[in-house]
file query_26.pdb (PDB, C-alpha atoms)
ATOM      1  CA  MET A 153    -140.827  42.651  33.770
ATOM      2  CA  LYS A 154    -137.558  44.651  33.916
ATOM      3  CA  SER A 155    -134.403  42.646  34.610
ATOM      4  CA  ASP A 156    -133.326  45.166  37.272
ATOM      5  CA  GLU A 157    -136.652  45.158  39.151
ATOM      6  CA  ALA A 158    -135.811  45.885  42.791
ATOM      7  CA  VAL A 159    -138.841  44.168  44.352
ATOM      8  CA  LEU A 160    -139.652  40.632  45.373
ATOM      9  CA  VAL A 161    -141.812  38.812  42.854
ATOM     10  CA  LEU A 162    -143.908  35.881  44.039
ATOM     11  CA  ALA A 163    -144.664  33.061  41.646
ATOM     12  CA  SER A 164    -148.005  32.433  43.396
ATOM     13  CA  ARG A 165    -149.054  36.046  42.890
ATOM     14  CA  ARG A 166    -147.943  36.029  39.262
ATOM     15  CA  ARG A 167    -150.001  32.900  38.642
ATOM     16  CA  ALA A 168    -153.034  34.482  40.301
ATOM     17  CA  LEU A 169    -152.698  37.605  38.138
ATOM     18  CA  THR A 170    -151.773  36.091  34.790
ATOM     19  CA  GLY A 171    -152.497  32.386  35.060
ATOM     20  CA  SER A 172    -148.831  31.425  34.675
ATOM     21  CA  SER A 173    -145.509  31.868  36.455
ATOM     22  CA  ARG A 174    -143.432  30.524  33.561
ATOM     23  CA  PRO A 175    -141.895  33.935  32.759
ATOM     24  CA  LEU A 176    -140.276  33.838  36.194
ATOM     25  CA  SER A 177    -138.830  30.390  35.560
ATOM     26  CA  ARG A 178    -137.500  31.608  32.193
ATOM     27  CA  GLY A 179    -136.036  34.705  33.842
ATOM     28  CA  TYR A 180    -134.233  32.506  36.323
ATOM     29  CA  ARG A 181    -132.871  30.196  33.601
ATOM     30  CA  ASN A 182    -131.668  33.053  31.386
ATOM     31  CA  GLY A 183    -129.902  34.796  34.264
ATOM     32  CA  THR A 184    -132.057  37.879  34.772
ATOM     33  CA  LEU A 185    -133.608  36.709  38.043
ATOM     34  CA  VAL A 186    -132.300  35.381  41.355
ATOM     35  CA  ARG A 187    -134.403  32.886  43.284
ATOM     36  CA  VAL A 188    -134.280  34.053  46.914
ATOM     37  CA  ARG A 189    -136.591  31.355  48.254
ATOM     38  CA  ALA A 190    -138.668  28.727  46.494
ATOM     39  CA  GLY A 191    -141.229  30.672  44.483
ATOM     40  CA  VAL A 192    -139.768  34.110  45.313
ATOM     41  CA  TYR A 193    -137.616  35.987  42.796
ATOM     42  CA  PHE A 194    -135.620  39.212  42.600
ATOM     43  CA  GLY A 195    -133.956  40.999  39.696
ATOM     44  CA  LYS A 196    -130.355  39.770  39.437
ATOM     45  CA  ALA A 197    -128.829  43.120  38.533
ATOM     46  CA  ALA A 198    -130.599  44.702  41.498
ATOM     47  CA  TRP A 199    -129.536  41.828  43.784
ATOM     48  CA  LEU A 200    -125.910  42.325  42.840
ATOM     49  CA  SER A 201    -126.131  46.029  43.670
ATOM     50  CA  LEU A 202    -127.513  45.499  47.184
ATOM     51  CA  LYS A 203    -125.347  45.781  50.271
ATOM     52  CA  PRO A 204    -125.211  42.774  52.641
ATOM     53  CA  TRP A 205    -127.750  44.257  55.082
ATOM     54  CA  GLN A 206    -130.106  44.997  52.199
ATOM     55  CA  ARG A 207    -129.857  41.424  50.933
ATOM     56  CA  TYR A 208    -130.506  40.191  54.465
ATOM     57  CA  ARG A 209    -133.593  42.396  54.773
ATOM     58  CA  THR A 210    -134.853  41.201  51.401
ATOM     59  CA  THR A 211    -134.318  37.571  52.394
ATOM     60  CA  VAL A 212    -136.301  38.182  55.609
ATOM     61  CA  ALA A 213    -139.132  39.566  53.475
ATOM     62  CA  ALA A 214    -138.904  36.530  51.190
ATOM     63  CA  VAL A 215    -139.184  34.141  54.158
ATOM     64  CA  ALA A 216    -142.267  36.032  55.353
ATOM     65  CA  ALA A 217    -143.747  35.971  51.847
ATOM     66  CA  VAL A 218    -143.414  32.179  51.656
ATOM     67  CA  ASP A 219    -144.875  31.702  55.144
ATOM     68  CA  PRO A 220    -146.973  34.665  56.371
ATOM     69  CA  SER A 221    -147.384  32.980  59.776
ATOM     70  CA  VAL A 222    -143.647  32.972  60.506
ATOM     71  CA  THR A 223    -142.390  34.687  63.681
ATOM     72  CA  PHE A 224    -138.882  36.138  63.659
ATOM     73  CA  CYS A 225    -136.684  35.946  66.744
ATOM     74  CA  TYR A 226    -133.159  36.369  68.137
ATOM     75  CA  LEU A 227    -130.802  38.330  65.823
ATOM     76  CA  THR A 228    -133.422  38.822  63.121
ATOM     77  CA  ALA A 229    -135.829  40.236  65.705
ATOM     78  CA  LEU A 230    -132.997  42.396  67.044
ATOM     79  CA  TRP A 231    -132.600  43.894  63.572
ATOM     80  CA  ILE A 232    -136.365  44.368  63.165
ATOM     81  CA  TRP A 233    -136.414  46.237  66.500
ATOM     82  CA  ASN A 234    -133.586  48.427  65.134
ATOM     83  CA  LEU A 235    -131.206  47.476  67.938
ATOM     84  CA  PRO A 236    -127.431  46.980  67.472
ATOM     85  CA  CYS A 237    -126.702  43.687  65.767
ATOM     86  CA  PRO A 238    -123.185  42.186  65.709
ATOM     87  CA  GLY A 239    -122.749  42.277  61.957
ATOM     88  CA  VAL A 240    -125.023  40.784  59.345
ATOM     89  CA  PRO A 241    -126.347  37.470  60.739
ATOM     90  CA  SER A 242    -125.559  34.317  58.805
ATOM     91  CA  HIS A 243    -129.130  33.058  59.229
ATOM     92  CA  ILE A 244    -132.711  34.248  59.347
ATOM     93  CA  HIS A 245    -133.908  33.324  62.849
ATOM     94  CA  VAL A 246    -137.493  32.087  63.211
ATOM     95  CA  ILE A 247    -139.660  30.336  65.783
ATOM     96  CA  THR A 248    -140.823  26.775  65.176
ATOM     97  CA  ARG A 249    -143.674  25.131  67.072
ATOM     98  CA  SER A 250    -142.126  21.677  66.685
ATOM     99  CA  PRO A 251    -138.890  20.536  68.360
ATOM    100  CA  HIS A 252    -138.342  18.158  65.436
ATOM    101  CA  LYS A 253    -138.039  21.103  63.042
ATOM    102  CA  ALA A 254    -135.509  23.036  65.127
ATOM    103  CA  GLY A 255    -132.068  23.471  63.572
ATOM    104  CA  LYS A 256    -130.291  25.239  60.749
ATOM    105  CA  ALA A 257    -130.872  25.063  57.015
ATOM    106  CA  SER A 258    -128.447  26.224  54.333
ATOM    107  CA  PRO A 259    -129.103  29.339  52.217
ATOM    108  CA  THR A 260    -131.527  28.827  49.352
ATOM    109  CA  THR A 261    -130.692  31.934  47.310
ATOM    110  CA  ALA A 262    -129.600  30.765  43.882
ATOM    111  CA  ALA A 263    -128.992  31.893  40.333
ATOM    112  CA  ALA A 264    -128.725  29.836  37.170
ATOM    113  CA  CYS A 265    -125.262  28.929  35.890
ATOM    114  CA  ASP A 266    -124.017  30.603  32.753
ATOM    115  CA  ALA A 267    -123.651  27.938  30.039
ATOM    116  CA  LYS A 268    -120.261  29.300  28.941
ATOM    117  CA  THR A 269    -118.574  30.018  32.270
ATOM    118  CA  GLY A 270    -120.393  27.657  34.606
ATOM    119  CA  LYS A 271    -120.707  30.569  37.065
ATOM    120  CA  THR A 272    -123.864  31.980  38.613
ATOM    121  CA  GLY A 273    -122.508  35.478  39.188
ATOM    122  CA  ILE A 274    -123.465  35.444  42.858
ATOM    123  CA  GLU A 275    -120.749  33.101  44.159
ATOM    124  CA  HIS A 276    -119.047  35.942  46.022
ATOM    125  CA  LEU A 277    -122.275  37.038  47.723
ATOM    126  CA  ARG A 278    -123.298  35.666  51.082
ATOM    127  CA  GLY A 279    -126.595  33.850  51.247
ATOM    128  CA  TYR A 280    -128.620  33.607  54.443
ATOM    129  CA  GLY A 281    -129.813  30.279  55.775
ATOM    130  CA  LEU A 282    -132.740  29.591  58.076
ATOM    131  CA  SER A 283    -132.304  28.895  61.789
ATOM    132  CA  ARG A 284    -135.405  27.508  63.523
ATOM    133  CA  HIS A 285    -135.655  27.865  67.303
ATOM    134  CA  PHE A 286    -138.042  25.882  69.478
ATOM    135  CA  TRP A 287    -138.696  28.624  72.043
ATOM    136  CA  PRO A 288    -141.831  29.964  73.724
ATOM    137  CA  ALA A 289    -142.658  33.163  71.861
ATOM    138  CA  GLU A 290    -144.481  36.353  72.781
ATOM    139  CA  THR A 291    -145.365  37.880  69.425
ATOM    140  CA  VAL A 292    -146.149  41.380  68.179
ATOM    141  CA  GLN A 293    -146.198  43.098  64.789
ATOM    142  CA  ARG A 294    -143.230  45.303  63.942
ATOM    143  CA  GLN A 295    -142.366  46.792  60.527
ATOM    144  CA  GLY A 296    -144.927  44.460  58.940
ATOM    145  CA  PHE A 297    -143.405  41.301  60.456
ATOM    146  CA  ALA A 298    -144.475  39.003  63.293
ATOM    147  CA  VAL A 299    -141.619  39.224  65.765
ATOM    148  CA  THR A 300    -140.867  38.338  69.369
ATOM    149  CA  THR A 301    -141.698  41.175  71.777
ATOM    150  CA  LEU A 302    -139.020  43.701  72.641
ATOM    151  CA  PRO A 303    -138.423  42.329  76.187
ATOM    152  CA  GLN A 304    -138.143  38.741  74.920
ATOM    153  CA  THR A 305    -135.900  39.740  72.016
ATOM    154  CA  VAL A 306    -133.548  41.618  74.344
ATOM    155  CA  MET A 307    -133.435  38.730  76.846
ATOM    156  CA  ASP A 308    -132.847  36.151  74.096
ATOM    157  CA  CYS A 309    -129.896  38.172  72.829
ATOM    158  CA  LEU A 310    -128.322  39.286  76.119
ATOM    159  CA  VAL A 311    -127.891  35.692  77.286
ATOM    160  CA  ARG A 312    -126.383  34.504  73.986
ATOM    161  CA  LEU A 313    -124.261  37.344  72.621
ATOM    162  CA  GLU A 314    -120.664  38.024  73.564
ATOM    163  CA  LEU A 315    -120.345  40.637  76.291
ATOM    164  CA  PRO A 316    -119.430  43.662  74.083
ATOM    165  CA  ASP A 317    -122.400  42.968  71.793
ATOM    166  CA  ALA A 318    -124.752  42.349  74.725
ATOM    167  CA  VAL A 319    -123.714  45.615  76.398
ATOM    168  CA  ALA A 320    -124.318  47.486  73.127
ATOM    169  CA  VAL A 321    -127.876  46.109  73.015
ATOM    170  CA  ALA A 322    -128.534  46.970  76.664
ATOM    171  CA  ASP A 323    -127.169  50.510  76.268
ATOM    172  CA  ALA A 324    -129.323  51.110  73.196
ATOM    173  CA  VAL A 325    -132.549  49.815  74.729
ATOM    174  CA  LEU A 326    -131.972  51.742  77.982
ATOM    175  CA  GLY A 327    -130.680  54.977  76.491
ATOM    176  CA  PRO A 328    -133.342  57.700  76.220
ATOM    177  CA  GLY A 329    -133.834  58.706  72.630
ATOM    178  CA  ARG A 330    -131.388  56.124  71.245
ATOM    179  CA  ASN A 331    -134.115  53.996  69.693
ATOM    180  CA  PRO A 332    -137.595  55.598  69.656
ATOM    181  CA  GLY A 333    -140.343  53.037  70.074
ATOM    182  CA  ALA A 334    -137.954  50.355  71.315
ATOM    183  CA  GLY A 335    -136.995  51.327  74.845
ATOM    184  CA  LEU A 336    -137.115  49.514  78.173
ATOM    185  CA  THR A 337    -136.286  50.495  81.731
ATOM    186  CA  ARG A 338    -133.585  48.865  83.811
ATOM    187  CA  GLN A 339    -136.243  47.646  86.227
ATOM    188  CA  GLN A 340    -138.151  45.941  83.405
ATOM    189  CA  LEU A 341    -135.016  44.056  82.385
ATOM    190  CA  ILE A 342    -134.283  43.088  85.990
ATOM    191  CA  GLU A 343    -137.797  41.729  86.427
ATOM    192  CA  ARG A 344    -137.532  39.728  83.196
ATOM    193  CA  ALA A 345    -134.167  38.340  84.300
ATOM    194  CA  ASP A 346    -135.587  37.345  87.693
ATOM    195  CA  GLY A 347    -138.163  35.245  85.843
ATOM    196  CA  LEU A 348    -135.577  33.180  83.963
ATOM    197  CA  ALA A 349    -135.375  29.540  85.069
ATOM    198  CA  SER A 350    -131.638  29.294  84.401
ATOM    199  CA  ALA A 351    -129.356  30.623  87.154
ATOM    200  CA  ALA A 352    -126.550  30.981  84.603
ATOM    201  CA  LYS A 353    -128.727  33.185  82.409
ATOM    202  CA  ARG A 354    -129.755  35.297  85.403
ATOM    203  CA  ARG A 355    -126.094  35.822  86.278
ATOM    204  CA  ARG A 356    -125.333  36.769  82.683
ATOM    205  CA  ILE A 357    -128.082  39.393  82.589
ATOM    206  CA  GLN A 358    -126.847  40.734  85.928
ATOM    207  CA  GLU A 359    -123.314  41.092  84.534
ATOM    208  CA  VAL A 360    -124.545  42.876  81.410
ATOM    209  CA  LEU A 361    -126.790  45.263  83.351
ATOM    210  CA  ALA A 362    -123.988  46.076  85.777
ATOM    211  CA  LEU A 363    -122.005  47.320  82.773
ATOM    212  CA  ALA A 364    -124.894  48.899  80.857
ATOM    213  CA  ASP A 365    -124.930  52.701  80.897
ATOM    214  CA  GLU A 366    -127.683  54.886  79.481
ATOM    215  CA  ALA A 367    -125.116  57.638  78.864
ATOM    216  CA  SER A 368    -123.438  55.666  76.082
ATOM    217  CA  GLU A 369    -124.170  57.336  72.753
ATOM    218  CA  SER A 370    -123.035  54.786  70.177
ATOM    219  CA  VAL A 371    -122.374  51.109  69.591
ATOM    220  CA  GLY A 372    -118.640  51.835  69.363
ATOM    221  CA  GLU A 373    -118.678  53.460  72.802
ATOM    222  CA  SER A 374    -120.616  50.540  74.276
ATOM    223  CA  ARG A 375    -118.297  47.912  72.843
ATOM    224  CA  SER A 376    -115.251  49.926  73.931
ATOM    225  CA  ARG A 377    -116.481  50.114  77.498
ATOM    226  CA  ALA A 378    -117.174  46.374  77.606
ATOM    227  CA  PHE A 379    -113.689  45.593  76.307
ATOM    228  CA  ILE A 380    -112.185  47.989  78.869
ATOM    229  CA  HIS A 381    -113.984  45.939  81.542
ATOM    230  CA  VAL A 382    -112.892  42.571  80.116
ATOM    231  CA  LEU A 383    -109.278  43.790  79.825
ATOM    232  CA  GLY A 384    -109.217  44.571  83.546
ATOM    233  CA  LEU A 385    -108.878  48.341  83.144
ATOM    234  CA  PRO A 386    -110.701  50.804  85.419
ATOM    235  CA  ALA A 387    -114.109  52.028  84.319
ATOM    236  CA  PRO A 388    -114.102  55.512  82.749
ATOM    237  CA  VAL A 389    -116.470  58.419  83.357
ATOM    238  CA  LEU A 390    -118.789  58.868  80.365
ATOM    239  CA  GLN A 391    -119.703  62.119  78.614
ATOM    240  CA  HIS A 392    -117.610  64.385  80.866
ATOM    241  CA  VAL A 393    -117.745  68.091  79.948
ATOM    242  CA  PHE A 394    -114.556  70.167  79.711
ATOM    243  CA  HIS A 395    -114.114  73.958  79.731
ATOM    244  CA  ASP A 396    -111.194  76.372  79.562
ATOM    245  CA  ARG A 397    -110.915  80.171  79.678
ATOM    246  CA  GLU A 398    -112.494  80.388  76.233
ATOM    247  CA  GLY A 399    -115.507  78.388  77.424
ATOM    248  CA  PHE A 400    -116.890  74.990  76.455
ATOM    249  CA  ILE A 401    -114.409  72.635  74.768
ATOM    250  CA  ALA A 402    -116.000  69.220  74.447
ATOM    251  CA  ARG A 403    -118.070  66.439  75.945
ATOM    252  CA  THR A 404    -115.795  63.432  75.719
ATOM    253  CA  ASP A 405    -116.607  59.746  75.311
ATOM    254  CA  PHE A 406    -114.410  58.534  78.174
ATOM    255  CA  PHE A 407    -112.449  60.152  81.009
ATOM    256  CA  TRP A 408    -110.166  58.666  83.670
ATOM    257  CA  PRO A 409    -109.798  61.496  86.250
ATOM    258  CA  GLU A 410    -107.016  59.879  88.271
ATOM    259  CA  ALA A 411    -104.860  59.284  85.208
ATOM    260  CA  GLN A 412    -105.927  62.567  83.563
ATOM    261  CA  VAL A 413    -106.620  60.613  80.370
ATOM    262  CA  ILE A 414    -109.403  61.275  77.866
ATOM    263  CA  GLY A 415    -110.545  58.526  75.504
ATOM    264  CA  GLU A 416    -112.368  59.075  72.220
ATOM    265  CA  PHE A 417    -113.899  56.462  69.952
ATOM    266  CA  ASP A 418    -113.863  57.590  66.319
ATOM    267  CA  GLY A 419    -116.563  55.899  64.272
ATOM    268  CA  ASP A 420    -116.728  56.522  60.522
ATOM    269  CA  ALA A 421    -120.131  58.226  60.867
ATOM    270  CA  LYS A 422    -118.491  61.050  62.785
ATOM    271  CA  TYR A 423    -116.964  62.280  59.542
ATOM    272  CA  LEU A 424    -119.241  60.736  56.917
ATOM    273  CA  ASP A 425    -122.804  61.118  58.243
ATOM    274  CA  GLU A 426    -124.289  64.367  56.908
ATOM    275  CA  ALA A 427    -126.593  64.673  59.924
ATOM    276  CA  LEU A 428    -123.643  64.508  62.312
ATOM    277  CA  LEU A 429    -121.569  66.865  60.177
ATOM    278  CA  ALA A 430    -124.367  69.453  60.513
ATOM    279  CA  GLY A 431    -123.524  71.282  57.327
ATOM    280  CA  VAL A 432    -119.733  71.405  57.651
ATOM    281  CA  SER A 433    -117.287  69.663  55.355
ATOM    282  CA  ILE A 434    -115.245  66.635  56.372
ATOM    283  CA  GLN A 435    -112.116  68.796  56.331
ATOM    284  CA  GLU A 436    -113.747  71.374  58.588
ATOM    285  CA  ALA A 437    -114.888  68.664  60.997
ATOM    286  CA  ILE A 438    -111.383  67.190  61.225
ATOM    287  CA  LEU A 439    -109.850  70.641  61.789
ATOM    288  CA  ALA A 440    -112.386  71.465  64.520
ATOM    289  CA  GLU A 441    -111.663  68.127  66.202
ATOM    290  CA  LYS A 442    -107.914  68.878  66.161
ATOM    291  CA  LYS A 443    -108.471  72.299  67.741
ATOM    292  CA  ARG A 444    -110.620  70.778  70.493
ATOM    293  CA  GLU A 445    -107.959  68.183  71.170
ATOM    294  CA  ASP A 446    -105.238  70.875  71.319
ATOM    295  CA  ARG A 447    -107.278  72.754  73.937
ATOM    296  CA  LEU A 448    -107.699  69.597  76.007
ATOM    297  CA  ARG A 449    -103.979  68.855  75.849
ATOM    298  CA  ALA A 450    -103.253  72.440  76.862
ATOM    299  CA  LEU A 451    -105.141  71.741  80.117
ATOM    300  CA  GLY A 452    -102.748  68.882  80.837
ATOM    301  CA  TYR A 453    -104.842  65.931  79.664
ATOM    302  CA  LYS A 454    -103.660  63.086  77.481
ATOM    303  CA  VAL A 455    -106.021  62.206  74.629
ATOM    304  CA  VAL A 456    -106.214  58.659  73.278
ATOM    305  CA  ARG A 457    -108.239  57.855  70.177
ATOM    306  CA  TRP A 458    -109.258  54.537  68.647
ATOM    307  CA  ASP A 459    -111.560  53.235  65.939
ATOM    308  CA  TRP A 460    -113.323  50.068  64.792
ATOM    309  CA  LYS A 461    -110.046  48.552  63.590
ATOM    310  CA  THR A 462    -108.593  48.904  67.081
ATOM    311  CA  LEU A 463    -111.682  47.290  68.608
ATOM    312  CA  SER A 464    -111.161  44.270  66.370
ATOM    313  CA  ASN A 465    -107.926  43.715  68.334
ATOM    314  CA  PRO A 466    -108.693  44.458  72.023
ATOM    315  CA  ASP A 467    -105.065  43.900  73.031
ATOM    316  CA  ALA A 468    -104.146  46.892  70.874
ATOM    317  CA  LEU A 469    -106.683  48.989  72.775
ATOM    318  CA  ARG A 470    -105.247  47.781  76.092
ATOM    319  CA  GLN A 471    -101.693  48.648  75.066
ATOM    320  CA  ARG A 472    -102.768  52.081  73.873
ATOM    321  CA  LEU A 473    -104.548  52.908  77.141
ATOM    322  CA  ILE A 474    -101.750  51.543  79.330
ATOM    323  CA  ALA A 475     -99.221  53.592  77.346
ATOM    324  CA  ALA A 476    -101.304  56.691  78.128
ATOM    325  CA  GLY A 477    -101.160  55.984  81.863
ATOM    326  CA  ILE A 478    -104.223  53.830  82.594
ATOM    327  CA  ARG A 479    -103.195  51.203  85.118
ATOM    328  CA  PRO A 480    -104.783  47.732  85.110
ATOM    329  CA  GLN A 481    -106.684  46.843  88.255
ATOM    330  CA  LYS A 482    -105.082  44.217  90.480
ATOM    331  CA  THR A 483    -108.349  42.296  90.522
ATOM    332  CA  PRO A 484    -110.310  42.512  87.256
ATOM    333  CA  PRO A 485    -113.742  44.033  87.912
ATOM    334  CA  ARG A 486    -116.752  41.763  88.085
ATOM    335  CA  GLY A 487    -120.372  42.581  87.433
ATOM    336  CA  GLN A 488    -122.335  43.789  90.427
ATOM    337  CA  ASP A 489    -126.020  43.565  91.172
ATOM    338  CA  PRO A 490    -127.555  46.463  89.138
ATOM    339  CA  ARG A 491    -130.019  47.068  91.974
ATOM    340  CA  ALA A 492    -127.201  47.962  94.387
TER     341      ALA A 492
END

call {"tool": "encode", "arguments": {"input": "query_26.pdb", "output": "structure tokens"}}
result
Amino acid sequence: MKSDEAVLVLASRRRALTGSSRPLSRGYRNGTLVRVRAGVYFGKAAWLSLKPWQRYRTTVAAVAAVDPSVTFCYLTALWIWNLPCPGVPSHIHVITRSPHKAGKASPTTAAACDAKTGKTGIEHLRGYGLSRHFWPAETVQRQGFAVTTLPQTVMDCLVRLELPDAVAVADAVLGPGRNPGAGLTRQQLIERADGLASAAKRRRIQEVLALADEASESVGESRSRAFIHVLGLPAPVLQHVFHDREGFIARTDFFWPEAQVIGEFDGDAKYLDEALLAGVSIQEAILAEKKREDRLRALGYKVVRWDWKTLSNPDALRQRLIAAGIRPQKTPPRGQDPRA
């Protein structure tokens, strides 16, 4: 077996094929293999080269390999459904049929210590523990895994996530074309919320759906809009189209007509994703963006831009928008019944 093998290797399968799994134990002891879960190994060099989301995905696969009957839920199910997840989860979330087994377990990913240094080589890498939830579960197959159904997954997350993250999930699941094969209607979510026993959870879903907007085109836009709401600033118009004498200028992320202010969220993908660049260079994309902004300013609009760093400090976003002329509302907006 190659030391950089980028696949999970099961001790049980190796024993069935060759009669022995000792080579895996030796590989672990000599530092060429990482043990992801008991009896599941991965090439150490390959493990070190993976990005955090890739290690998370591999750990999910390892959990399923150890227990094929496992059902994934909450944030892990959110990832399996390809919906926006607030960062890489710290745990693999699974359903347990016993309340006595509910709770969190520490990560099991391990590598042998080097005899000379006493280091494993993976100290700086995050491991992912197991979080068992004693919840009723509606189960389907998705990407080869048993997972809670899309409606249940969305409900489980909307009532537990912080508002910006919950709004991002709702926007993605409602937006046409945002997530093929994983879409729901607003009415479906309302009906699911009406069936919740907890009044607090029903109110939470109502608040999220009052803010959810199918017109949102990215997670950054969704989180921005939620923060704008929380900060007590007026709601913007989404995806407004602007023209001048030369014709079409742009379709902007946010627009406050009364203040004549345009807001743009700049995610990294805008300049780094080849599909979004559509064959132009990064330099050409930046130049085209500047020309569009100049045309908007020439019409008398102020343009405010922010990025992920700004969103990590919502007060900075508030100050930037207020400086541009957006006035806080006297009474911060509250969620309204989405059926109104």

call {"tool": "closest_residue", "arguments": {"input": "query_26.pdb", "among": "A:Cys265, A:Ala352, A:Ala378, A:Ala437", "to": "Glu314 in chain A", "atoms": "all atoms listed in the file"}}
result
A:Ala378

call {"tool": "resolve_selection", "arguments": {"input": "query_26.pdb", "expression": "the PyMOL selection byres ((chain A and resi 242) around 6)", "output": "list in words"}}
result
Pro241, His243 and Tyr280 of chain A

call {"tool": "resolve_selection", "arguments": {"input": "query_26.pdb", "expression": "the PyMOL selection byres ((chain A and resi 165-170) around 12)", "output": "PyMOL selection string"}}
result
chain A and resi 153+160-164+171-177+191-193+217-218

call {"tool": "closest_residue", "arguments": {"input": "query_26.pdb", "among": "A:Ile247, A:Cys237, A:Ala351, A:Leu282", "to": "Val306 in chain A", "atoms": "all atoms listed in the file"}}
result
A:Cys237

call {"tool": "resolve_selection", "arguments": {"input": "query_26.pdb", "expression": "the PyMOL selection byres ((chain A and resi 299) around 7)", "output": "VMD selection string"}}
result
chain A and resid 223 to 225 229 291 to 294 297 to 298 300 to 301

call {"tool": "closest_residue", "arguments": {"input": "query_26.pdb", "among": "A:Asn465, A:Asn182, A:Gln435, A:Ser221", "to": "Ala267 in chain A", "atoms": "all atoms listed in the file"}}
result
A:Asn182

call {"tool": "atom_distance", "arguments": {"input": "query_26.pdb", "atom1": "CA of Gly270 in chain A", "atom2": "CA of Ala257 in chain A"}}
result
24.9 Å

call {"tool": "atom_distance", "arguments": {"input": "query_26.pdb", "atom1": "CA of Ala387 in chain A", "atom2": "CA of Asp346 in chain A"}}
result
26.2 Å

call {"tool": "residues_around", "arguments": {"input": "query_26.pdb", "residues": "Pro409 in chain A", "least_positions_apart": "4", "cutoff": "12 Å", "atoms": "all atoms listed in the file", "output": "number ranges by chain"}}
result
A: 386-390, 392, 394, 413-415, 452-454, 477-478

call {"tool": "write_last_selection", "arguments": {"input": "query_26.pdb", "atoms": "C-alpha atoms", "output": "short mmCIF file (atom, residue, chain, number, x, y, z; two decimals), in the coordinates of the input"}}
result
data_model
loop_
_atom_site.label_atom_id
_atom_site.label_comp_id
_atom_site.auth_asym_id
_atom_site.auth_seq_id
_atom_site.Cartn_x
_atom_site.Cartn_y
_atom_site.Cartn_z
CA PRO A 386 -110.70 50.80 85.42
CA ALA A 387 -114.11 52.03 84.32
CA PRO A 388 -114.10 55.51 82.75
CA VAL A 389 -116.47 58.42 83.36
CA LEU A 390 -118.79 58.87 80.36
CA HIS A 392 -117.61 64.39 80.87
CA PHE A 394 -114.56 70.17 79.71
CA VAL A 413 -106.62 60.61 80.37
CA ILE A 414 -109.40 61.28 77.87
CA GLY A 415 -110.54 58.53 75.50
CA GLY A 452 -102.75 68.88 80.84
CA TYR A 453 -104.84 65.93 79.66
CA LYS A 454 -103.66 63.09 77.48
CA GLY A 477 -101.16 55.98 81.86
CA ILE A 478 -104.22 53.83 82.59
#

call {"tool": "atom_distance", "arguments": {"input": "query_26.pdb", "atom1": "CA of Ile438 in chain A", "atom2": "CA of Gln412 in chain A"}}
result
23.5 Å
